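Undergrad: Mind looking over this structure? Questions follow.
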Amino acid sequence: MTYFKRTPLATQMAQQLLNPGVLDQGLRSGLFIAGQRRTGKTTFLRQDLIPALEERGAIVVYVDLWSDTKADPAALVNAAVRRTLEDMQAPGSGLWDRVKRLKGVDVGAAGFKFAFNLGDVGEPGGTTLAQALTEVVDRAKTDVVLIIDEVQQTLASDSGAQMMLAIKAARDAINPRPNTPGFFIFIGTGSHRAQVAELTRGRNQAFVGATSIPYPTLDGEYVEYLLQELAAQKAPAIPSLPLATTAFETMGFRPEEMVRALRILQQENPSQADLVFPAIAHALKTSAADTELRKLEDLGTLAEAIFDRVARAEEAATGLYAADALAEYRQAVGGDVTAIQVQRMTEEMRDANIIMRIAHGAYAVTDPFVRQAWNERKHHLRPAGATLALEGAPPNVAVEPLQPKTKHKPLE
C-alpha cells in the first residue's frame with residue numbers, strides 16, 4: 001500500500017509554528033507532543049511535518065534519541081547540528097539550494113562559511129549551541145526548527161538536563177531580538193505522556209510553561225483509506241468501516257498492527273469479516289504486549305519483580321532499593337536479593353529499553369501500553385460479555401465483540 005499522507009495536518013502545524021497567529025505565539029516557547037509507541041509519530045515527523053516545514057523555507061534539524069539509547073543525548077543533538085552546518089557549507093547540497101531558492105539568500109558559489117570550528121559546537125569551551133544556531137539564523141535569514149524525537153530520554157541524565165538548558169538558551173538568544181531574520185523553534189516528541197508533560201511542568205525543567213499536546217493519532221480517515229485500497233485490489237475480505245475503525249482503536253491506533261490484522265483477515269472466512277476482525281484485533285493487541293514482555297521474561301524473575309513494582313506506580317516508582325522493595329523481591333525469587341543485584345538488573349532493564357529513569361531514583365515503564373497489559377494480566381482482567389475464538393491466538397485470551405462506532409476523531 002502507498003503511504004497515507006497527512007498533508008492537511010502537517011500544513012496546519014507548519015503554519016502555526018512558522019507564522020503563528022495571536023493564539024499560537026506560545027509555540028515559540030517550545031512544542032511538546034506525546035503519544036504512545038508505534039502510533040506513527042516518527043513517520044509523521046519524517047514524511048509529513050519536516051517536508052512541510054522545509055517547503056516554507058525552514059532549516060530542520062532532526063534527532064532521534066532512541067537511535068542509540070546508550071549514547072549521551074547531548075552528543076546526539078550536537079552531532080545533528082554539526083551535520084546541518086556541514087550541509088550549509090557544501091555548495092550544491094539540498095539544504096544550500098533550498099535556502100537560496102526559497103529565501104533568496106545570496107550564499108555565493110562557496111556556500112556558507114562560519115567563523116567557528118564546526119567540530120567544537122556543543123563541546124566544553126567550544127562554540128555554544130546558542131552561538132551556532134544564532135549564526136545559522138542570521139546567515140540563512142530563515143527559521144531553524146530543532147526536533148528531538150523521544151525527548152523524554154533527556155530526563156535520564158544530568159547531561160540531558162544541561163542539553164535542554166542549552167536549547168533554551170538558543171531560543172532565548174534568537175527569538176526576543178526585535179529585528180531577528182528568523183526564529184528558533186523547538187519540538188520535542190515522546191512516547192510517555194507523563195514524562196513529556198513533566199518537561200513542561202516541572203519547576204526545574206528548562207521548558208516549563210511550553211505548550212504540551214497529545215499526538216493526533218491516525219483515525220477513521222486512515223482506516224477508510226486502507227479499506228479503499230483493499231477494495232481497489234479486490235481483496236476477498238473487507239470489514240465494515242465502523243467495525244474496522246473500532247478495531248484500530250483496540251490496537252492502540254497502531255498502523256502496523258492494523259495492516260497486519262487486515263492481512264490475517266484475508267486468510268479467514270470473507271463472509272464473516274465483521275465477526276472475525278474484532279477477534280483478530282484483540283489477539284494482536286495481546287501479541288504486541290507479548291513481544292515487549294518477552295524481553296522481560298528473558299531477564300529472569302528478579303527483573304519481573306522489579307518491573308512489577310515499577311508498573312504499579314501511577315507516575316513514577318521510587319525506592320527500588322529500599323528495605324520493603326528488597327523483601328518483595330526476595331519473596332518473588334525465593335532467595336536472597338541485595339541492593340547491588342537490583343541496581344545491576346535495573347541497569348540491564350534500562351539498556352533493554354523496558355524501563356527508564358525519569359529522575360534520580362525514580363523509574364517508569366517505557367511503554368504505557370506494555371504497563372497496561374502487564375497489570376491487566378496480573379489482575380486477570382478479561383473483557384466482559386461473549387467471546388470469540390481465534391485460531392492461533394494466545395490461549396485463554398477472551399475476546400469481546402466490538403460495537404460499531406462513528407469515525408474516531410482524537411483531536412478537534
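If you're wondering about the labels, chains in the C-alpha cells are A, B, ... by order shown, residues count from 1 in each chain, ligands from 1 in order shown.
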Name the residues in contact with Thr11 (chain A) at a cut-off of 8 Å, using only C-alpha atoms, excluding same-chain residues fewer than 4 positions from it; report them as a list in words.
TA: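 After dropping sequence-adjacent residues, the list is Thr7, Gln15, Leu49 and Ala52 of chain A.
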Undergrad: For Pro236 (chain A), please output as a PDB file with N, CA and C atoms, in the first residue's frame all residues within 12 Å (counting only C-alpha atoms; exclusion window: fewer than 6 positions along the same chain).
TA:
```pdb
ATOM      1  N   LEU A 227      -9.249   0.566   3.666  1.00  0.00           N
ATOM      2  CA  LEU A 227     -10.337  -0.247   3.106  1.00  0.00           C
ATOM      3  C   LEU A 227     -10.537   0.053   1.627  1.00  0.00           C
ATOM      4  N   LEU A 230      -7.893  -1.806  -0.214  1.00  0.00           N
ATOM      5  CA  LEU A 230      -8.248  -3.222  -0.307  1.00  0.00           C
ATOM      6  C   LEU A 230      -9.308  -3.453  -1.381  1.00  0.00           C
ATOM      7  N   LEU A 262      -5.395  -6.774   8.887  1.00  0.00           N
ATOM      8  CA  LEU A 262      -6.092  -6.906   7.606  1.00  0.00           C
ATOM      9  C   LEU A 262      -5.500  -8.040   6.770  1.00  0.00           C
ATOM     10  N   ARG A 263      -4.185  -8.245   6.890  1.00  0.00           N
ATOM     11  CA  ARG A 263      -3.570  -9.368   6.166  1.00  0.00           C
ATOM     12  C   ARG A 263      -4.058 -10.698   6.719  1.00  0.00           C
ATOM     13  N   ILE A 264      -4.140 -10.787   8.044  1.00  0.00           N
ATOM     14  CA  ILE A 264      -4.641 -12.021   8.650  1.00  0.00           C
ATOM     15  C   ILE A 264      -6.083 -12.269   8.237  1.00  0.00           C
ATOM     16  N   LEU A 265      -6.854 -11.205   8.146  1.00  0.00           N
ATOM     17  CA  LEU A 265      -8.271 -11.337   7.792  1.00  0.00           C
ATOM     18  C   LEU A 265      -8.458 -11.998   6.433  1.00  0.00           C
ATOM     19  N   GLN A 266      -7.542 -11.751   5.512  1.00  0.00           N
ATOM     20  CA  GLN A 266      -7.689 -12.312   4.170  1.00  0.00           C
ATOM     21  C   GLN A 266      -7.623 -13.837   4.183  1.00  0.00           C
ATOM     22  N   GLN A 267      -7.049 -14.402   5.256  1.00  0.00           N
ATOM     23  CA  GLN A 267      -6.945 -15.853   5.365  1.00  0.00           C
ATOM     24  C   GLN A 267      -8.162 -16.465   6.052  1.00  0.00           C
ATOM     25  N   GLU A 268      -9.036 -15.602   6.581  1.00  0.00           N
ATOM     26  CA  GLU A 268     -10.231 -16.088   7.278  1.00  0.00           C
ATOM     27  C   GLU A 268     -11.412 -16.164   6.312  1.00  0.00           C
ATOM     28  N   ASN A 269     -12.576 -16.420   6.853  1.00  0.00           N
ATOM     29  CA  ASN A 269     -13.798 -16.532   6.045  1.00  0.00           C
ATOM     30  C   ASN A 269     -14.251 -15.147   5.604  1.00  0.00           C
ATOM     31  N   PRO A 270     -14.144 -14.820   4.305  1.00  0.00           N
ATOM     32  CA  PRO A 270     -14.514 -13.483   3.844  1.00  0.00           C
ATOM     33  C   PRO A 270     -15.947 -13.092   4.182  1.00  0.00           C
ATOM     34  N   SER A 271     -16.824 -14.060   4.242  1.00  0.00           N
ATOM     35  CA  SER A 271     -18.235 -13.751   4.507  1.00  0.00           C
ATOM     36  C   SER A 271     -18.487 -13.364   5.956  1.00  0.00           C
ATOM     37  N   GLN A 272     -17.507 -13.581   6.825  1.00  0.00           N
ATOM     38  CA  GLN A 272     -17.671 -13.255   8.241  1.00  0.00           C
ATOM     39  C   GLN A 272     -16.627 -12.226   8.696  1.00  0.00           C
ATOM     40  N   ALA A 273     -16.300 -11.286   7.834  1.00  0.00           N
ATOM     41  CA  ALA A 273     -15.254 -10.316   8.142  1.00  0.00           C
ATOM     42  C   ALA A 273     -15.568  -9.517   9.397  1.00  0.00           C
TER      43      ALA A 273
END
```
Undergrad: Using only C-alpha atoms, which protein or nucleic acid residues come within 6 Å of region 58-62 of chain A? Drop anything in the same chain fewer than 3 positions from it, and give the result as a list in words.
TA: Leu53, Glu54, Asp143, Val144, Val145, Leu146 and Ile147 of chain A
Undergrad: What's around Gln152 (chain A) at 7 Å? Count only C-alpha atoms, leave out sequence neighbours fewer than 5 positions away in its own chain, and write the answer as an NGL selection string.
TA: :A and (190 or 195-196)
Undergrad: What would the file look like if the residues just selected were written as a PDB file, in the first residue's frame with N, CA and C atoms?
TA:
```
ATOM      1  N   GLY A 190       7.528  12.452  22.339  1.00  0.00           N
ATOM      2  CA  GLY A 190       7.873  11.354  23.223  1.00  0.00           C
ATOM      3  C   GLY A 190       6.766  10.333  23.357  1.00  0.00           C
ATOM      4  N   GLN A 195       5.849  11.778  31.237  1.00  0.00           N
ATOM      5  CA  GLN A 195       7.228  12.244  31.230  1.00  0.00           C
ATOM      6  C   GLN A 195       7.411  13.447  30.307  1.00  0.00           C
ATOM      7  N   VAL A 196       6.743  13.427  29.170  1.00  0.00           N
ATOM      8  CA  VAL A 196       6.814  14.581  28.278  1.00  0.00           C
ATOM      9  C   VAL A 196       6.171  15.797  28.949  1.00  0.00           C
TER      10      VAL A 196
END
```
Undergrad: Between CA of Leu27 (chain A) and CA of Asp138 (chain A), what is the distance, to one decimal in Å?
TA: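 Distance reported for this atom pair: 20.8 Å.
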Undergrad: Which residues in region 320-374 of chain A does DSSP call strand (DSSP E or B)? List them as a list in words.
TA: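 Reading the DSSP output for region 320-374 of chain A, strand (DSSP E or B) covers Ile355, Met356, Arg357, Ile358, Ala359, Ala362, Tyr363, Ala364 and Val365 of chain A.
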Undergrad: For Ala140 (chain A), please output as a VMD selection string all residues within 12 Å (counting only C-alpha atoms; exclusion window: fewer than 5 positions along the same chain).
TA: chain A and resid 57 to 59 85 88 to 89 95 to 108 111 to 114 133 to 135 180 to 183
Undergrad: Run DSSP on the backbone of this structure and report the residues of region 31-224 of chain A it assigns to helix (DSSP H, G or I), as a ChimeraX atom specification.
TA: /A:41-55,73-89,94-103,118-120,129-140,151-156,158-174,193-201,220-224
Undergrad: Find the residues near Gly209 (chain A): any atom within 12 Å, counting only C-alpha atoms, skip ones fewer than 2 places away on the same chain, and give them as a list in words.
TA: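 What passes the distance filter is Gly26, Leu27, Arg28, Ser29, Gly30, Leu31, Phe32, Ala197, Glu198, Leu199, Thr200, Arg201, Gly202, Arg203, Asn204, Gln205, Ala206, Phe207, Thr211 and Ser212 of chain A.
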Undergrad: Measuring atom to atom with only C-alpha atoms, identify which of A:Glu55, A:Pro124, A:Val342, A:Leu129 is nearest to Arg82 (chain A).
TA: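 Using only C-alpha atoms, Arg82 (chain A) sits closest to A:Leu129.
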Undergrad: Compare A:Lys378, A:Arg330, A:Arg344, A:Arg309 by their minimum atom-to-atom distance to Tyr363 (chain A), counting only C-alpha atoms, and give me the closest one.
TA: A:Arg309
Undergrad: Could you please determine the separation between CA of Ile358 (chain A) and CA of Leu76 (chain A) in Å, to one decimal place?
TA: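 About the pair CA of Ile358 (chain A) and CA of Leu76 (chain A): they are 18.8 Å apart.
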Undergrad: In Å, how far is it from CA of Gln372 (chain A) to CA of Leu296 (chain A)?
TA: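 CA of Leu296 (chain A) lies 14.8 Å from CA of Gln372 (chain A).
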Undergrad: Would you mind listing what lies within 10 Å of region 247-249 of chain A as a PyMOL selection string, with only C-alpha atoms counted and same-chain residues fewer than 2 positions away left out?
TA: chain A and resi 217-220+222-223+239+241-245+251-255+257-259+261+277-282+285+401-405+408
Undergrad: Would you export the selected residues with N, CA and C atoms as an mmCIF file, in the first residue's frame, please?
TA:
```cif
data_model
loop_
_atom_site.group_PDB
_atom_site.id
_atom_site.type_symbol
_atom_site.label_atom_id
_atom_site.label_comp_id
_atom_site.auth_asym_id
_atom_site.auth_seq_id
_atom_site.Cartn_x
_atom_site.Cartn_y
_atom_site.Cartn_z
ATOM 1 N N THR A 217 -3.364 11.065 16.728
ATOM 2 C CA THR A 217 -3.242 9.743 16.121
ATOM 3 C C THR A 217 -4.049 9.639 14.829
ATOM 4 N N LEU A 218 -3.704 8.689 14.019
ATOM 5 C CA LEU A 218 -4.497 8.365 12.839
ATOM 6 C C LEU A 218 -5.901 7.975 13.278
ATOM 7 N N ASP A 219 -6.863 8.207 12.418
ATOM 8 C CA ASP A 219 -8.245 7.965 12.815
ATOM 9 C C ASP A 219 -9.016 7.255 11.714
ATOM 10 N N GLY A 220 -10.328 7.495 11.689
ATOM 11 C CA GLY A 220 -11.186 6.811 10.727
ATOM 12 C C GLY A 220 -10.848 7.105 9.285
ATOM 13 N N TYR A 222 -7.878 7.327 8.040
ATOM 14 C CA TYR A 222 -6.813 6.381 7.691
ATOM 15 C C TYR A 222 -7.401 4.991 7.454
ATOM 16 N N VAL A 223 -8.307 4.567 8.324
ATOM 17 C CA VAL A 223 -8.937 3.256 8.163
ATOM 18 C C VAL A 223 -9.717 3.204 6.853
ATOM 19 N N PRO A 239 -13.671 -5.614 6.143
ATOM 20 C CA PRO A 239 -14.634 -5.320 7.212
ATOM 21 C C PRO A 239 -15.329 -3.993 6.961
ATOM 22 N N LEU A 241 -16.501 -0.202 7.730
ATOM 23 C CA LEU A 241 -15.722 0.916 8.245
ATOM 24 C C LEU A 241 -15.921 1.140 9.745
ATOM 25 N N PRO A 242 -17.151 1.130 10.269
ATOM 26 C CA PRO A 242 -17.305 1.364 11.716
ATOM 27 C C PRO A 242 -16.574 0.327 12.568
ATOM 28 N N LEU A 243 -16.713 -0.974 12.195
ATOM 29 C CA LEU A 243 -16.048 -2.011 12.983
ATOM 30 C C LEU A 243 -14.540 -1.953 12.819
ATOM 31 N N ALA A 244 -14.067 -1.647 11.615
ATOM 32 C CA ALA A 244 -12.627 -1.556 11.383
ATOM 33 C C ALA A 244 -12.030 -0.384 12.163
ATOM 34 N N THR A 245 -12.757 0.719 12.237
ATOM 35 C CA THR A 245 -12.284 1.882 12.992
ATOM 36 C C THR A 245 -12.181 1.564 14.474
ATOM 37 N N MET A 251 -6.390 -1.702 18.923
ATOM 38 C CA MET A 251 -4.966 -1.984 18.745
ATOM 39 C C MET A 251 -4.095 -0.771 19.053
ATOM 40 N N GLY A 252 -4.683 0.218 19.713
ATOM 41 C CA GLY A 252 -3.910 1.373 20.156
ATOM 42 C C GLY A 252 -3.564 2.352 19.057
ATOM 43 N N PHE A 253 -4.363 2.397 17.974
ATOM 44 C CA PHE A 253 -4.126 3.306 16.850
ATOM 45 C C PHE A 253 -2.751 3.078 16.235
ATOM 46 N N ARG A 254 -2.309 1.829 16.215
ATOM 47 C CA ARG A 254 -1.002 1.483 15.657
ATOM 48 C C ARG A 254 -1.172 1.019 14.213
ATOM 49 N N PRO A 255 -0.670 1.783 13.254
ATOM 50 C CA PRO A 255 -0.881 1.446 11.837
ATOM 51 C C PRO A 255 -0.279 0.105 11.431
ATOM 52 N N GLU A 257 0.013 -2.588 13.212
ATOM 53 C CA GLU A 257 -0.869 -3.653 13.684
ATOM 54 C C GLU A 257 -2.143 -3.712 12.850
ATOM 55 N N MET A 258 -2.625 -2.561 12.414
ATOM 56 C CA MET A 258 -3.841 -2.533 11.596
ATOM 57 C C MET A 258 -3.615 -3.236 10.260
ATOM 58 N N VAL A 259 -2.493 -2.952 9.619
ATOM 59 C CA VAL A 259 -2.181 -3.600 8.340
ATOM 60 C C VAL A 259 -2.007 -5.103 8.544
ATOM 61 N N ALA A 261 -3.415 -6.924 10.847
ATOM 62 C CA ALA A 261 -4.737 -7.505 11.098
ATOM 63 C C ALA A 261 -5.495 -7.715 9.800
ATOM 64 N N PHE A 277 -12.886 -10.002 12.391
ATOM 65 C CA PHE A 277 -11.904 -8.931 12.522
ATOM 66 C C PHE A 277 -11.743 -8.411 13.954
ATOM 67 N N PRO A 278 -12.820 -8.235 14.727
ATOM 68 C CA PRO A 278 -12.620 -7.808 16.122
ATOM 69 C C PRO A 278 -11.773 -8.792 16.924
ATOM 70 N N ALA A 279 -11.955 -10.086 16.683
ATOM 71 C CA ALA A 279 -11.172 -11.099 17.390
ATOM 72 C C ALA A 279 -9.697 -10.991 17.019
ATOM 73 N N ILE A 280 -9.424 -10.741 15.756
ATOM 74 C CA ILE A 280 -8.040 -10.563 15.313
ATOM 75 C C ILE A 280 -7.417 -9.363 16.020
ATOM 76 N N ALA A 281 -8.186 -8.291 16.115
ATOM 77 C CA ALA A 281 -7.673 -7.072 16.755
ATOM 78 C C ALA A 281 -7.291 -7.329 18.210
ATOM 79 N N HIS A 282 -8.141 -8.036 18.936
ATOM 80 C CA HIS A 282 -7.851 -8.331 20.338
ATOM 81 C C HIS A 282 -6.634 -9.249 20.472
ATOM 82 N N LYS A 285 -3.518 -7.223 19.855
ATOM 83 C CA LYS A 285 -3.237 -6.357 20.997
ATOM 84 C C LYS A 285 -2.446 -7.133 22.055
ATOM 85 N N PRO A 401 -16.731 -8.970 21.495
ATOM 86 C CA PRO A 401 -17.168 -8.418 20.212
ATOM 87 C C PRO A 401 -17.256 -6.896 20.298
ATOM 88 N N LEU A 402 -16.814 -6.224 19.232
ATOM 89 C CA LEU A 402 -16.842 -4.772 19.217
ATOM 90 C C LEU A 402 -18.156 -4.273 18.654
ATOM 91 N N GLN A 403 -18.556 -3.111 19.116
ATOM 92 C CA GLN A 403 -19.754 -2.475 18.600
ATOM 93 C C GLN A 403 -19.351 -1.351 17.662
ATOM 94 N N PRO A 404 -20.107 -1.168 16.579
ATOM 95 C CA PRO A 404 -19.760 -0.105 15.640
ATOM 96 C C PRO A 404 -19.738 1.255 16.311
ATOM 97 N N LYS A 405 -18.790 2.086 15.909
ATOM 98 C CA LYS A 405 -18.719 3.459 16.386
ATOM 99 C C LYS A 405 -18.600 4.394 15.195
ATOM 100 N N HIS A 408 -13.392 7.890 14.463
ATOM 101 C CA HIS A 408 -12.632 8.377 15.605
ATOM 102 C C HIS A 408 -11.983 9.712 15.272
#
```
